[in-house]
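> Input file: coords.tsv. Contents: TSV, C-alpha atoms.
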```tsv
chain	number	residue	atom	x	y	z
A	66	MET	CA	22.12	116.66	-105.18
A	67	THR	CA	23.73	114.19	-102.79
A	68	ASP	CA	26.67	116.53	-102.20
A	69	ARG	CA	24.33	119.37	-101.25
A	70	ILE	CA	22.41	117.14	-98.82
A	71	SER	CA	25.66	115.87	-97.35
A	72	ASP	CA	26.70	119.47	-96.74
A	73	LEU	CA	23.38	120.17	-94.98
A	74	LEU	CA	23.83	117.17	-92.72
A	75	SER	CA	27.46	118.03	-91.98
A	76	ALA	CA	26.42	121.57	-91.05
A	77	LEU	CA	23.86	120.12	-88.62
A	78	VAL	CA	26.57	118.04	-86.96
A	79	GLU	CA	29.09	120.88	-86.89
A	80	THR	CA	26.73	123.01	-84.80
A	81	GLY	CA	27.07	120.47	-81.99
A	82	ALA	CA	23.46	119.30	-82.31
A	83	THR	CA	24.58	115.66	-82.43
A	84	PRO	CA	27.85	113.72	-82.73
A	85	GLY	CA	26.70	112.23	-86.03
A	86	ALA	CA	23.65	111.50	-88.15
A	87	VAL	CA	22.24	109.64	-91.13
A	88	VAL	CA	19.57	110.89	-93.52
A	89	VAL	CA	17.76	108.87	-96.16
A	90	ALA	CA	15.15	110.41	-98.47
A	91	GLY	CA	13.13	108.83	-101.23
A	92	THR	CA	9.84	108.11	-102.95
A	93	HIS	CA	7.50	105.14	-102.87
A	94	GLU	CA	9.79	103.27	-105.28
A	95	THR	CA	13.31	104.67	-105.03
A	96	VAL	CA	15.90	106.16	-102.68
A	97	LEU	CA	16.84	109.67	-103.79
A	98	ALA	CA	19.66	110.28	-101.31
A	99	GLU	CA	21.51	108.61	-98.46
A	100	CYS	CA	24.06	110.68	-96.56
A	101	VAL	CA	26.05	110.36	-93.33
A	102	ALA	CA	28.01	112.84	-91.24
A	103	GLY	CA	30.01	112.94	-88.04
A	104	ARG	CA	31.11	110.23	-85.66
A	105	LEU	CA	29.49	107.68	-83.42
A	106	SER	CA	30.28	109.58	-80.23
A	107	ARG	CA	32.14	112.54	-78.76
A	108	ALA	CA	35.14	110.35	-77.92
A	109	ALA	CA	38.36	111.36	-79.66
A	110	ASP	CA	38.82	107.90	-81.15
A	111	ALA	CA	35.16	107.39	-82.15
A	112	GLY	CA	34.60	105.80	-85.53
A	113	PRO	CA	32.74	107.56	-88.35
A	114	VAL	CA	29.02	107.19	-88.91
A	115	THR	CA	28.26	104.91	-91.87
A	116	PRO	CA	25.03	103.76	-93.57
A	117	ASP	CA	25.29	100.66	-91.35
A	118	THR	CA	25.27	102.63	-88.09
A	119	ILE	CA	22.51	101.50	-85.74
A	120	TYR	CA	20.55	104.05	-83.71
A	121	ASP	CA	18.19	103.85	-80.74
A	122	LEU	CA	14.90	104.86	-82.40
A	123	ALA	CA	13.15	105.78	-79.11
A	124	SER	CA	9.51	106.78	-79.76
A	125	LEU	CA	9.62	105.89	-83.45
A	126	THR	CA	8.83	102.48	-81.95
A	127	LYS	CA	5.28	103.76	-81.48
A	128	VAL	CA	4.67	104.08	-85.23
A	129	ILE	CA	6.93	101.27	-86.47
A	130	VAL	CA	5.69	98.53	-84.12
A	131	THR	CA	2.63	99.38	-82.04
A	132	THR	CA	0.62	101.35	-84.60
A	133	PRO	CA	0.99	98.78	-87.43
A	134	LEU	CA	0.14	95.94	-85.06
A	135	VAL	CA	-3.06	97.73	-84.05
A	136	MET	CA	-3.79	98.18	-87.77
A	137	ARG	CA	-3.23	94.48	-88.41
A	138	LEU	CA	-5.57	93.36	-85.63
A	139	GLN	CA	-8.18	95.95	-86.57
A	140	GLU	CA	-8.22	94.68	-90.15
A	141	ALA	CA	-8.50	91.11	-88.87
A	142	GLY	CA	-11.56	92.06	-86.81
A	143	GLN	CA	-9.77	91.40	-83.52
A	144	LEU	CA	-9.78	95.03	-82.39
A	145	ASP	CA	-12.41	97.74	-82.55
A	146	LEU	CA	-10.78	101.15	-82.37
A	147	ASP	CA	-13.98	102.71	-81.05
A	148	ALA	CA	-14.38	100.14	-78.28
A	149	PRO	CA	-13.44	101.04	-74.70
A	150	VAL	CA	-9.99	99.99	-73.61
A	151	ARG	CA	-11.56	98.00	-70.74
A	152	ARG	CA	-12.88	95.48	-73.29
A	153	TYR	CA	-9.26	94.37	-73.80
A	154	VAL	CA	-7.70	95.37	-70.47
A	155	PRO	CA	-10.49	94.83	-67.90
A	156	GLU	CA	-8.51	96.55	-65.11
A	157	PHE	CA	-8.76	99.86	-66.94
A	158	ALA	CA	-12.27	100.62	-65.72
A	159	GLY	CA	-14.29	102.93	-63.55
A	160	GLY	CA	-15.39	106.53	-63.98
A	161	ALA	CA	-14.10	108.32	-67.06
A	162	ARG	CA	-11.84	105.36	-67.91
A	163	ASP	CA	-14.92	103.54	-69.17
A	164	ARG	CA	-15.13	106.09	-72.00
A	165	VAL	CA	-11.50	105.86	-73.14
A	166	THR	CA	-11.21	104.05	-76.49
A	167	LEU	CA	-8.29	102.50	-78.35
A	168	ALA	CA	-8.46	105.41	-80.81
A	169	ASP	CA	-8.08	107.82	-77.89
A	170	LEU	CA	-4.85	106.12	-76.85
A	171	LEU	CA	-3.51	106.24	-80.41
A	172	ALA	CA	-4.36	109.95	-80.68
A	173	HIS	CA	-3.06	110.81	-77.18
A	174	CYS	CA	-6.34	112.24	-75.94
A	175	GLY	CA	-7.47	109.59	-73.45
A	176	GLY	CA	-6.71	111.56	-70.26
A	177	LEU	CA	-3.60	109.65	-69.20
A	178	PRO	CA	-0.52	111.43	-67.83
A	179	TRP	CA	2.36	111.46	-70.27
A	180	TRP	CA	4.80	109.58	-68.00
A	181	ALA	CA	5.43	108.00	-64.61
A	182	ASP	CA	8.59	106.51	-63.12
A	183	LEU	CA	7.25	102.98	-63.39
A	184	TYR	CA	10.75	101.52	-63.75
A	185	ARG	CA	11.70	102.77	-60.30
A	186	GLN	CA	8.50	101.46	-58.75
A	187	ALA	CA	9.08	98.03	-60.34
A	188	ARG	CA	12.66	97.58	-59.18
A	189	GLY	CA	13.29	94.16	-57.73
A	190	LEU	CA	10.54	92.47	-59.72
A	191	PRO	CA	11.38	89.70	-62.21
A	192	THR	CA	11.34	91.06	-65.77
A	193	ALA	CA	8.45	88.72	-66.63
A	194	ASP	CA	6.29	90.43	-64.00
A	195	VAL	CA	7.11	94.05	-64.85
A	196	MET	CA	4.57	94.56	-67.66
A	197	GLY	CA	1.76	93.38	-65.41
A	198	PHE	CA	2.96	95.76	-62.70
A	199	TYR	CA	3.14	98.66	-65.16
A	200	ILE	CA	-0.42	98.02	-66.32
A	201	ARG	CA	-1.78	97.80	-62.78
A	202	ARG	CA	-0.14	101.10	-61.91
A	203	ILE	CA	-1.40	102.79	-65.09
A	204	CYS	CA	-4.91	101.56	-64.35
A	205	GLU	CA	-4.68	103.01	-60.83
A	206	LEU	CA	-3.54	106.46	-61.93
A	207	PRO	CA	-6.25	109.13	-62.00
A	208	LEU	CA	-6.91	110.61	-65.42
A	209	ASN	CA	-5.48	114.10	-65.82
A	210	TYR	CA	-8.42	115.30	-67.92
A	211	GLN	CA	-11.69	114.05	-69.37
A	212	PRO	CA	-11.24	111.91	-72.50
A	213	ARG	CA	-11.12	113.85	-75.78
A	214	THR	CA	-11.08	117.28	-74.11
A	215	ARG	CA	-7.31	117.74	-74.52
A	216	THR	CA	-4.30	116.17	-76.22
A	217	VAL	CA	-1.34	115.18	-74.08
A	218	TYR	CA	1.36	113.01	-75.64
A	219	SER	CA	1.48	109.89	-73.46
A	220	ASP	CA	3.96	107.04	-73.23
A	221	LEU	CA	1.59	105.45	-70.74
A	222	GLY	CA	-1.18	105.24	-73.32
A	223	PHE	CA	1.09	103.29	-75.66
A	224	ILE	CA	2.24	100.98	-72.88
A	225	LEU	CA	-1.45	100.26	-72.35
A	226	LEU	CA	-1.83	99.57	-76.09
A	227	GLY	CA	1.00	97.06	-75.79
A	228	ALA	CA	-0.99	95.19	-73.15
A	229	VAL	CA	-4.00	95.22	-75.50
A	230	LEU	CA	-1.91	93.64	-78.27
A	231	GLU	CA	-0.48	90.94	-76.04
A	232	ASN	CA	-3.83	90.17	-74.38
A	233	VAL	CA	-5.56	89.76	-77.74
A	234	THR	CA	-2.85	87.70	-79.47
A	235	GLY	CA	-1.23	85.88	-76.56
A	236	ALA	CA	2.14	86.60	-78.21
A	237	PRO	CA	5.05	88.77	-77.01
A	238	LEU	CA	5.53	92.14	-78.65
A	239	ASP	CA	8.93	91.44	-80.21
A	240	ARG	CA	7.65	88.30	-81.93
A	241	LEU	CA	4.56	90.13	-83.19
A	242	ALA	CA	6.78	92.89	-84.58
A	243	GLU	CA	8.98	90.43	-86.44
A	244	ASP	CA	6.15	88.29	-87.79
A	245	GLU	CA	3.67	91.04	-88.69
A	246	VAL	CA	5.83	94.04	-89.61
A	247	PHE	CA	9.54	93.40	-90.16
A	248	ALA	CA	9.40	90.11	-92.09
A	249	PRO	CA	6.50	91.04	-94.43
A	250	LEU	CA	8.27	94.28	-95.36
A	251	GLY	CA	11.74	92.80	-95.65
A	252	MET	CA	13.09	95.10	-92.95
A	253	ARG	CA	16.60	94.11	-91.90
A	254	ASP	CA	18.89	95.50	-89.23
A	255	ILE	CA	15.98	96.36	-86.97
A	256	ARG	CA	15.35	94.73	-83.61
A	257	TYR	CA	14.84	95.09	-79.92
A	258	ASN	CA	17.86	94.37	-77.70
A	259	PRO	CA	20.68	94.21	-80.27
A	260	PRO	CA	23.28	91.56	-79.42
A	261	ALA	CA	26.73	92.47	-78.14
A	262	ALA	CA	28.22	91.45	-81.51
A	263	LEU	CA	26.68	94.60	-83.03
A	264	ARG	CA	28.03	96.97	-80.40
A	265	SER	CA	30.71	98.49	-82.67
A	266	ARG	CA	27.98	99.63	-85.09
A	267	ILE	CA	25.71	101.21	-82.48
A	268	ALA	CA	25.71	104.94	-81.77
A	269	PRO	CA	25.80	105.45	-77.98
A	270	THR	CA	23.20	107.55	-76.21
A	271	GLU	CA	23.36	109.11	-72.77
A	272	ASP	CA	26.00	108.88	-70.08
A	273	ASP	CA	23.77	107.57	-67.29
A	274	PRO	CA	25.67	106.93	-64.03
A	275	GLU	CA	22.58	105.27	-62.55
A	276	ARG	CA	22.84	102.58	-65.23
A	277	GLY	CA	26.61	102.24	-65.29
A	278	GLY	CA	27.76	104.91	-67.74
A	279	VAL	CA	27.32	105.52	-71.44
A	280	LEU	CA	24.52	103.44	-72.92
A	281	THR	CA	25.47	101.56	-76.08
A	282	GLY	CA	22.99	99.00	-77.35
A	283	LEU	CA	20.91	99.39	-74.19
A	284	VAL	CA	17.63	101.21	-74.63
A	285	HIS	CA	17.77	104.83	-73.50
A	286	ASP	CA	14.16	105.05	-72.31
A	287	GLU	CA	13.98	104.09	-68.63
A	288	ASN	CA	10.52	102.55	-68.65
A	289	ALA	CA	11.42	100.48	-71.71
A	290	SER	CA	14.57	99.37	-69.92
A	291	GLY	CA	12.44	98.26	-66.98
A	292	LEU	CA	10.54	96.01	-69.40
A	293	GLY	CA	13.75	94.31	-70.46
A	294	GLY	CA	14.19	96.48	-73.55
A	295	VAL	CA	11.03	95.30	-75.35
A	296	ALA	CA	8.29	97.91	-75.09
A	297	PRO	CA	5.44	99.33	-77.18
A	298	HIS	CA	6.53	102.96	-76.77
A	299	ALA	CA	10.32	102.68	-77.20
A	300	GLY	CA	13.11	100.13	-77.56
A	301	LEU	CA	13.77	99.61	-81.28
A	302	PHE	CA	17.28	99.84	-82.71
A	303	ALA	CA	17.78	100.16	-86.46
A	304	THR	CA	19.75	101.55	-89.35
A	305	ALA	CA	18.16	104.25	-91.49
A	306	ARG	CA	18.23	101.85	-94.47
A	307	SER	CA	16.11	99.34	-92.59
A	308	LEU	CA	13.27	101.87	-92.32
A	309	VAL	CA	13.07	102.53	-96.07
A	310	PRO	CA	10.65	99.64	-96.88
A	311	PHE	CA	8.41	100.79	-94.05
A	312	ALA	CA	8.25	104.38	-95.31
A	313	GLN	CA	7.75	103.26	-98.90
A	314	MET	CA	4.85	101.01	-97.88
A	315	TRP	CA	3.06	104.03	-96.38
A	316	LEU	CA	3.68	106.09	-99.52
A	317	ALA	CA	2.35	103.20	-101.60
A	318	LYS	CA	-0.84	103.28	-99.51
A	319	GLY	CA	-0.25	99.93	-97.86
A	320	ALA	CA	1.46	98.03	-100.67
A	321	THR	CA	4.97	96.67	-101.08
A	322	GLY	CA	6.04	95.29	-104.42
A	323	ASN	CA	3.19	93.15	-105.67
A	324	SER	CA	1.87	92.49	-102.16
A	325	ARG	CA	-0.63	94.40	-100.10
A	326	VAL	CA	0.27	94.77	-96.44
A	327	PHE	CA	-2.62	97.03	-95.37
A	328	ASP	CA	-5.84	98.14	-97.01
A	329	ARG	CA	-5.79	101.62	-98.51
A	330	ALA	CA	-8.65	102.63	-96.24
A	331	THR	CA	-6.67	101.59	-93.16
A	332	VAL	CA	-3.65	103.64	-94.21
A	333	ARG	CA	-5.88	106.62	-94.88
A	334	ARG	CA	-7.64	106.32	-91.52
A	335	PHE	CA	-4.42	106.12	-89.51
A	336	SER	CA	-2.49	108.82	-91.36
A	337	ARG	CA	-5.02	111.66	-91.36
A	338	ARG	CA	-5.87	113.84	-88.37
A	339	ALA	CA	-8.13	111.92	-86.03
A	340	ARG	CA	-9.97	115.06	-84.86
A	341	LEU	CA	-10.94	113.38	-81.59
A	342	ALA	CA	-9.96	116.45	-79.58
A	343	ASP	CA	-10.34	120.06	-80.69
A	344	ASP	CA	-7.31	121.61	-82.39
A	345	SER	CA	-5.24	118.42	-82.15
A	346	SER	CA	-2.65	117.69	-84.82
A	347	ARG	CA	-2.62	113.99	-83.95
A	348	ALA	CA	-3.48	111.20	-86.34
A	349	LEU	CA	-3.77	107.61	-85.07
A	350	GLY	CA	-0.26	106.90	-83.83
A	351	TRP	CA	1.23	109.57	-86.07
A	352	ASP	CA	1.46	113.35	-85.81
A	353	THR	CA	0.76	115.83	-88.62
A	354	PRO	CA	2.43	119.17	-89.44
A	355	THR	CA	1.92	122.28	-87.32
A	356	PRO	CA	3.73	125.63	-87.57
A	357	ASP	CA	6.44	124.43	-85.16
A	358	SER	CA	6.79	120.83	-86.42
A	359	SER	CA	10.16	119.12	-86.71
A	360	CYS	CA	9.44	118.69	-90.44
A	361	GLY	CA	9.59	122.43	-91.07
A	362	ASN	CA	7.28	124.21	-93.49
A	363	CYS	CA	7.84	122.43	-96.80
A	364	PHE	CA	5.94	119.21	-96.14
A	365	SER	CA	2.33	119.29	-97.32
A	366	ARG	CA	-0.67	119.35	-95.00
A	367	ALA	CA	-1.30	115.72	-95.95
A	368	SER	CA	2.01	114.69	-94.34
A	369	TYR	CA	2.44	112.66	-91.20
A	370	GLY	CA	5.43	111.76	-89.08
A	371	HIS	CA	6.94	111.15	-85.67
A	372	THR	CA	10.05	111.91	-83.66
A	373	GLY	CA	12.10	110.03	-81.10
A	374	PHE	CA	13.63	111.54	-77.97
A	375	THR	CA	17.13	110.30	-78.82
A	376	GLY	CA	17.20	112.45	-81.97
A	377	THR	CA	15.29	110.47	-84.59
A	378	SER	CA	12.45	111.33	-86.94
A	379	LEU	CA	10.45	110.00	-89.87
A	380	TRP	CA	8.25	112.20	-92.06
A	381	ILE	CA	6.10	111.00	-94.95
A	382	ASP	CA	4.45	113.25	-97.55
A	383	PRO	CA	2.00	111.48	-99.86
A	384	GLU	CA	1.36	114.61	-101.94
A	385	GLN	CA	5.03	115.06	-102.82
A	386	ASP	CA	5.68	111.28	-102.81
A	387	LEU	CA	8.50	111.84	-100.34
A	388	PHE	CA	9.84	110.34	-97.13
A	389	VAL	CA	12.71	111.61	-94.98
A	390	ILE	CA	14.38	109.49	-92.30
A	391	LEU	CA	16.77	111.33	-89.97
A	392	LEU	CA	18.58	109.33	-87.30
A	393	SER	CA	20.97	110.80	-84.74
A	394	ASN	CA	22.10	110.38	-81.15
A	395	ARG	CA	21.66	113.96	-79.99
A	396	VAL	CA	21.33	112.75	-76.35
A	397	HIS	CA	25.01	111.73	-76.31
A	398	PRO	CA	26.45	112.40	-73.87
A	399	THR	CA	23.51	114.27	-72.30
A	400	ARG	CA	19.83	114.85	-72.99
A	401	ASP	CA	20.36	118.49	-72.08
A	402	ASN	CA	21.57	119.14	-75.64
A	403	THR	CA	18.46	120.53	-77.36
A	404	ARG	CA	20.13	122.05	-80.43
A	405	LEU	CA	18.65	119.44	-82.76
A	406	ALA	CA	15.09	120.46	-81.92
A	407	GLU	CA	15.97	124.04	-82.77
A	408	LEU	CA	17.67	123.23	-86.09
A	409	ARG	CA	15.70	120.27	-87.43
A	410	PRO	CA	12.86	122.31	-89.03
A	411	GLU	CA	15.38	124.41	-90.98
A	412	PHE	CA	17.24	121.27	-91.99
A	413	HIS	CA	14.06	119.68	-93.36
A	414	ASP	CA	13.14	122.87	-95.24
A	415	ALA	CA	16.57	123.01	-96.89
A	416	LEU	CA	16.49	119.29	-97.64
A	417	VAL	CA	13.08	119.42	-99.31
A	418	ASP	CA	14.20	122.43	-101.31
A	419	VAL	CA	17.12	120.41	-102.68
A	420	LEU	CA	14.97	117.36	-103.39
A	421	THR	CA	12.11	119.14	-105.09
```
Take the structure in the file and give it back as structure tokens.

Amino acid sequence: MTDRISDLLSALVETGATPGAVVVAGTHETVLAECVAGRLSRAADAGPVTPDTIYDLASLTKVIVTTPLVMRLQEAGQLDLDAPVRRYVPEFAGGARDRVTLADLLAHCGGLPWWADLYRQARGLPTADVMGFYIRRICELPLNYQPRTRTVYSDLGFILLGAVLENVTGAPLDRLAEDEVFAPLGMRDIRYNPPAALRSRIAPTEDDPERGGVLTGLVHDENASGLGGVAPHAGLFATARSLVPFAQMWLAKGATGNSRVFDRATVRRFSRRARLADDSSRALGWDTPTPDSSCGNCFSRASYGHTGFTGTSLWIDPEQDLFVILLSNRVHPTRDNTRLAELRPEFHDALVDVLT
């Protein structure tokens, strides 16, 4: 089985979709396969990808850090998902903003634009002041649509959720992530801002002349970079192995080993379609399968997952007791390479066929 999966991954790399990649698949209690293919970069002397290769996870940060932290505070009674955002971020008020809830931000239906060049607007500010600037600007932006009438994937909504978390706890996001998610699950080799000592293990992302060349160990997302690399929407670096305990906890409905991390009801609420906006595939934080999903057609309708712009994805299927982690650096050396998006559904279909 492993040889067949390795061949699938190698074929993905050989098409030019990415310089290299790692895939790990398993159940709630075991790893079924771990395969690597390709090299760290397009350079002629680039080293091979290994199970210890570290990737920029991009928007997987939304479901690995921000979503679980919201779950934790909701279970503790410190957050009400149905409460207006202005209860926790008073500046986000006036007009239709008063009707935007935390659940709306999680399900990407709160009316916010998907992106703004906040990092450019904040240039020259001390890093400690940038988050406050970002939030002020987000609160000033007009909503693009009335809450819950559409679904528009929004980095800005998750940046706002990060402010909610820090306002409620008084703690920085990276410390919350370590204390409330990584340590309880035994996740290793996952962090914001990896130190220079790990550089040789990190797959580079884009060649960005504006930031000095090829980015290696520096977050690819510009707005996350403006925040010093620690952000609620992007910024995590990790190996595929380090994500296994996280995926297995979701398959185990909130449990890990003999410990319970989240209540079953919380896992169920966050992983099923939120149905806050008509025809939306969004759960709370997560997405669910549609005909053109990155997971292909072989994951069940009960599945949920997420992708990252750099070429990463995580899909979890509770009906088949299956998770698939795919990490790559498809944006190296340029984000213009979109082959992975075209091929990833077929890859997942073939992979699930082998596994099941």
> Pick from A:Thr399, A:Ser265, A:Ser368, A:Thr353: nearest to Pro113 (chain A), with only C-alpha atoms counted?
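Selected residue with least distance to Pro113 (chain A): A:Ser265.
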> Mind running region 166-268 of chain A against region 280-283 of chain A at 12 Å and telling me each contacting residue's nearest atom pair with the distance in Å (one decimal), counting all atoms listed in the file, chain and number ascending, as CSV?

```
residue,atom,partner,partner_atom,distance
A:Arg256,CA,A:Gly282,CA,10.8
A:Tyr257,CA,A:Leu283,CA,9.4
A:Asn258,CA,A:Leu283,CA,6.8
A:Pro259,CA,A:Gly282,CA,6.1
A:Pro260,CA,A:Gly282,CA,7.7
A:Ala261,CA,A:Gly282,CA,7.6
A:Ala262,CA,A:Gly282,CA,10.1
A:Leu263,CA,A:Gly282,CA,8.1
A:Arg264,CA,A:Gly282,CA,6.2
A:Ser265,CA,A:Thr281,CA,9.0
A:Arg266,CA,A:Gly282,CA,9.2
A:Ile267,CA,A:Gly282,CA,6.2
A:Ala268,CA,A:Thr281,CA,6.6
```
> Could you name the residues that touch Pro249 (chain A) at 10 Å or less, counting only C-alpha atoms, but leaving out those on the same chain fewer than 2 positions away, as a list in words?
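So, after excluding close chain neighbours, the residues are Glu243, Asp244, Glu245, Val246, Phe247, Gly251, Met252, Pro310, Phe311, Thr321, Ser324, Arg325 and Val326 of chain A.
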> So, counting all atoms listed in the file, which residue among A:Leu408, A:Asp328, A:Ser393, A:Phe335 is closest to Cys360 (chain A)?
A:Leu408
> Which is closer to Asp286 (chain A) than all the others in A:Thr126, A:Thr67, A:Thr355, A:Thr234, using only C-alpha atoms?
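Going through A:Thr126, A:Thr67, A:Thr355, A:Thr234 one by one, the smallest distance to Asp286 (chain A) is for A:Thr126.
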> Which residue gives the smallest distance to Ile119 (chain A) among A:Ala86, A:Val78, A:Ala193, A:Ile381, with only C-alpha atoms counted?
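Distance minimum relative to Ile119 (chain A) lands on A:Ala86.
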> Quick one: residues within 9 Å of Pro269 (chain A), all atoms listed in the file, excluding same-chain residues fewer than 3 positions away - as an mmCIF file with C-alpha atoms, keeping the file's coordinate frame?

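Here's the written file part.cif:
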```
data_model
loop_
_atom_site.group_PDB
_atom_site.id
_atom_site.type_symbol
_atom_site.label_atom_id
_atom_site.label_comp_id
_atom_site.auth_asym_id
_atom_site.auth_seq_id
_atom_site.Cartn_x
_atom_site.Cartn_y
_atom_site.Cartn_z
ATOM 1 C CA LEU A 105 29.490 107.680 -83.420
ATOM 2 C CA SER A 106 30.280 109.580 -80.230
ATOM 3 C CA TYR A 120 20.550 104.050 -83.710
ATOM 4 C CA ASP A 121 18.190 103.850 -80.740
ATOM 5 C CA ASP A 272 26.000 108.880 -70.080
ATOM 6 C CA VAL A 279 27.320 105.520 -71.440
ATOM 7 C CA LEU A 280 24.520 103.440 -72.920
ATOM 8 C CA THR A 281 25.470 101.560 -76.080
ATOM 9 C CA GLY A 282 22.990 99.000 -77.350
ATOM 10 C CA LEU A 283 20.910 99.390 -74.190
ATOM 11 C CA ASN A 394 22.100 110.380 -81.150
ATOM 12 C CA VAL A 396 21.330 112.750 -76.350
ATOM 13 C CA HIS A 397 25.010 111.730 -76.310
ATOM 14 C CA PRO A 398 26.450 112.400 -73.870
#
```
> Could you give me, as a PyMOL selection string, the residues that sit within 12 Å of (3.9, 97.8, -64.0) in the file's coordinates, counting all atoms listed in the file?
chain A and resi 181-206+221+224-225+228+288-289+291-292+296
> Between CA of Phe364 (chain A) and CA of Val130 (chain A), what is the distance in Å, rounded to a tenth?
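Result for CA of Phe364 (chain A) versus CA of Val130 (chain A): 23.9 Å, one decimal.
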> Write out as an mmCIF file with C-alpha atoms, keeping the file's coordinate frame each polymer residue whose atoms come within 9 Å of Ala317 (chain A), counting all atoms listed in the file; drop sequence neighbours fewer than 4 positions from it.

```cif
data_model
loop_
_atom_site.group_PDB
_atom_site.id
_atom_site.type_symbol
_atom_site.label_atom_id
_atom_site.label_comp_id
_atom_site.auth_asym_id
_atom_site.auth_seq_id
_atom_site.Cartn_x
_atom_site.Cartn_y
_atom_site.Cartn_z
ATOM 1 C CA HIS A 93 7.500 105.140 -102.870
ATOM 2 C CA GLU A 94 9.790 103.270 -105.280
ATOM 3 C CA ALA A 312 8.250 104.380 -95.310
ATOM 4 C CA GLN A 313 7.750 103.260 -98.900
ATOM 5 C CA THR A 321 4.970 96.670 -101.080
ATOM 6 C CA ARG A 329 -5.790 101.620 -98.510
ATOM 7 C CA PRO A 383 2.000 111.480 -99.860
ATOM 8 C CA ASP A 386 5.680 111.280 -102.810
#
```
> Sorted by chain and rising residue number, which residues of region 171-235 of chain A lie within 7 Å of region 297-301 of chain A, and what are their closest atom pairs and distances in Å to one decimal, counting all atoms listed in the file, as CSV?

```
residue,atom,partner,partner_atom,distance
A:Asp220,CA,A:His298,CA,6.0
A:Phe223,CA,A:His298,CA,5.6
A:Ile224,CA,A:Pro297,CA,5.6
A:Gly227,CA,A:Pro297,CA,5.2
```
> Just checking: using only C-alpha atoms, which residue out of A:Thr166, A:Thr92, A:Arg240, A:Pro178 ends up closest to Glu384 (chain A)?
A:Thr92
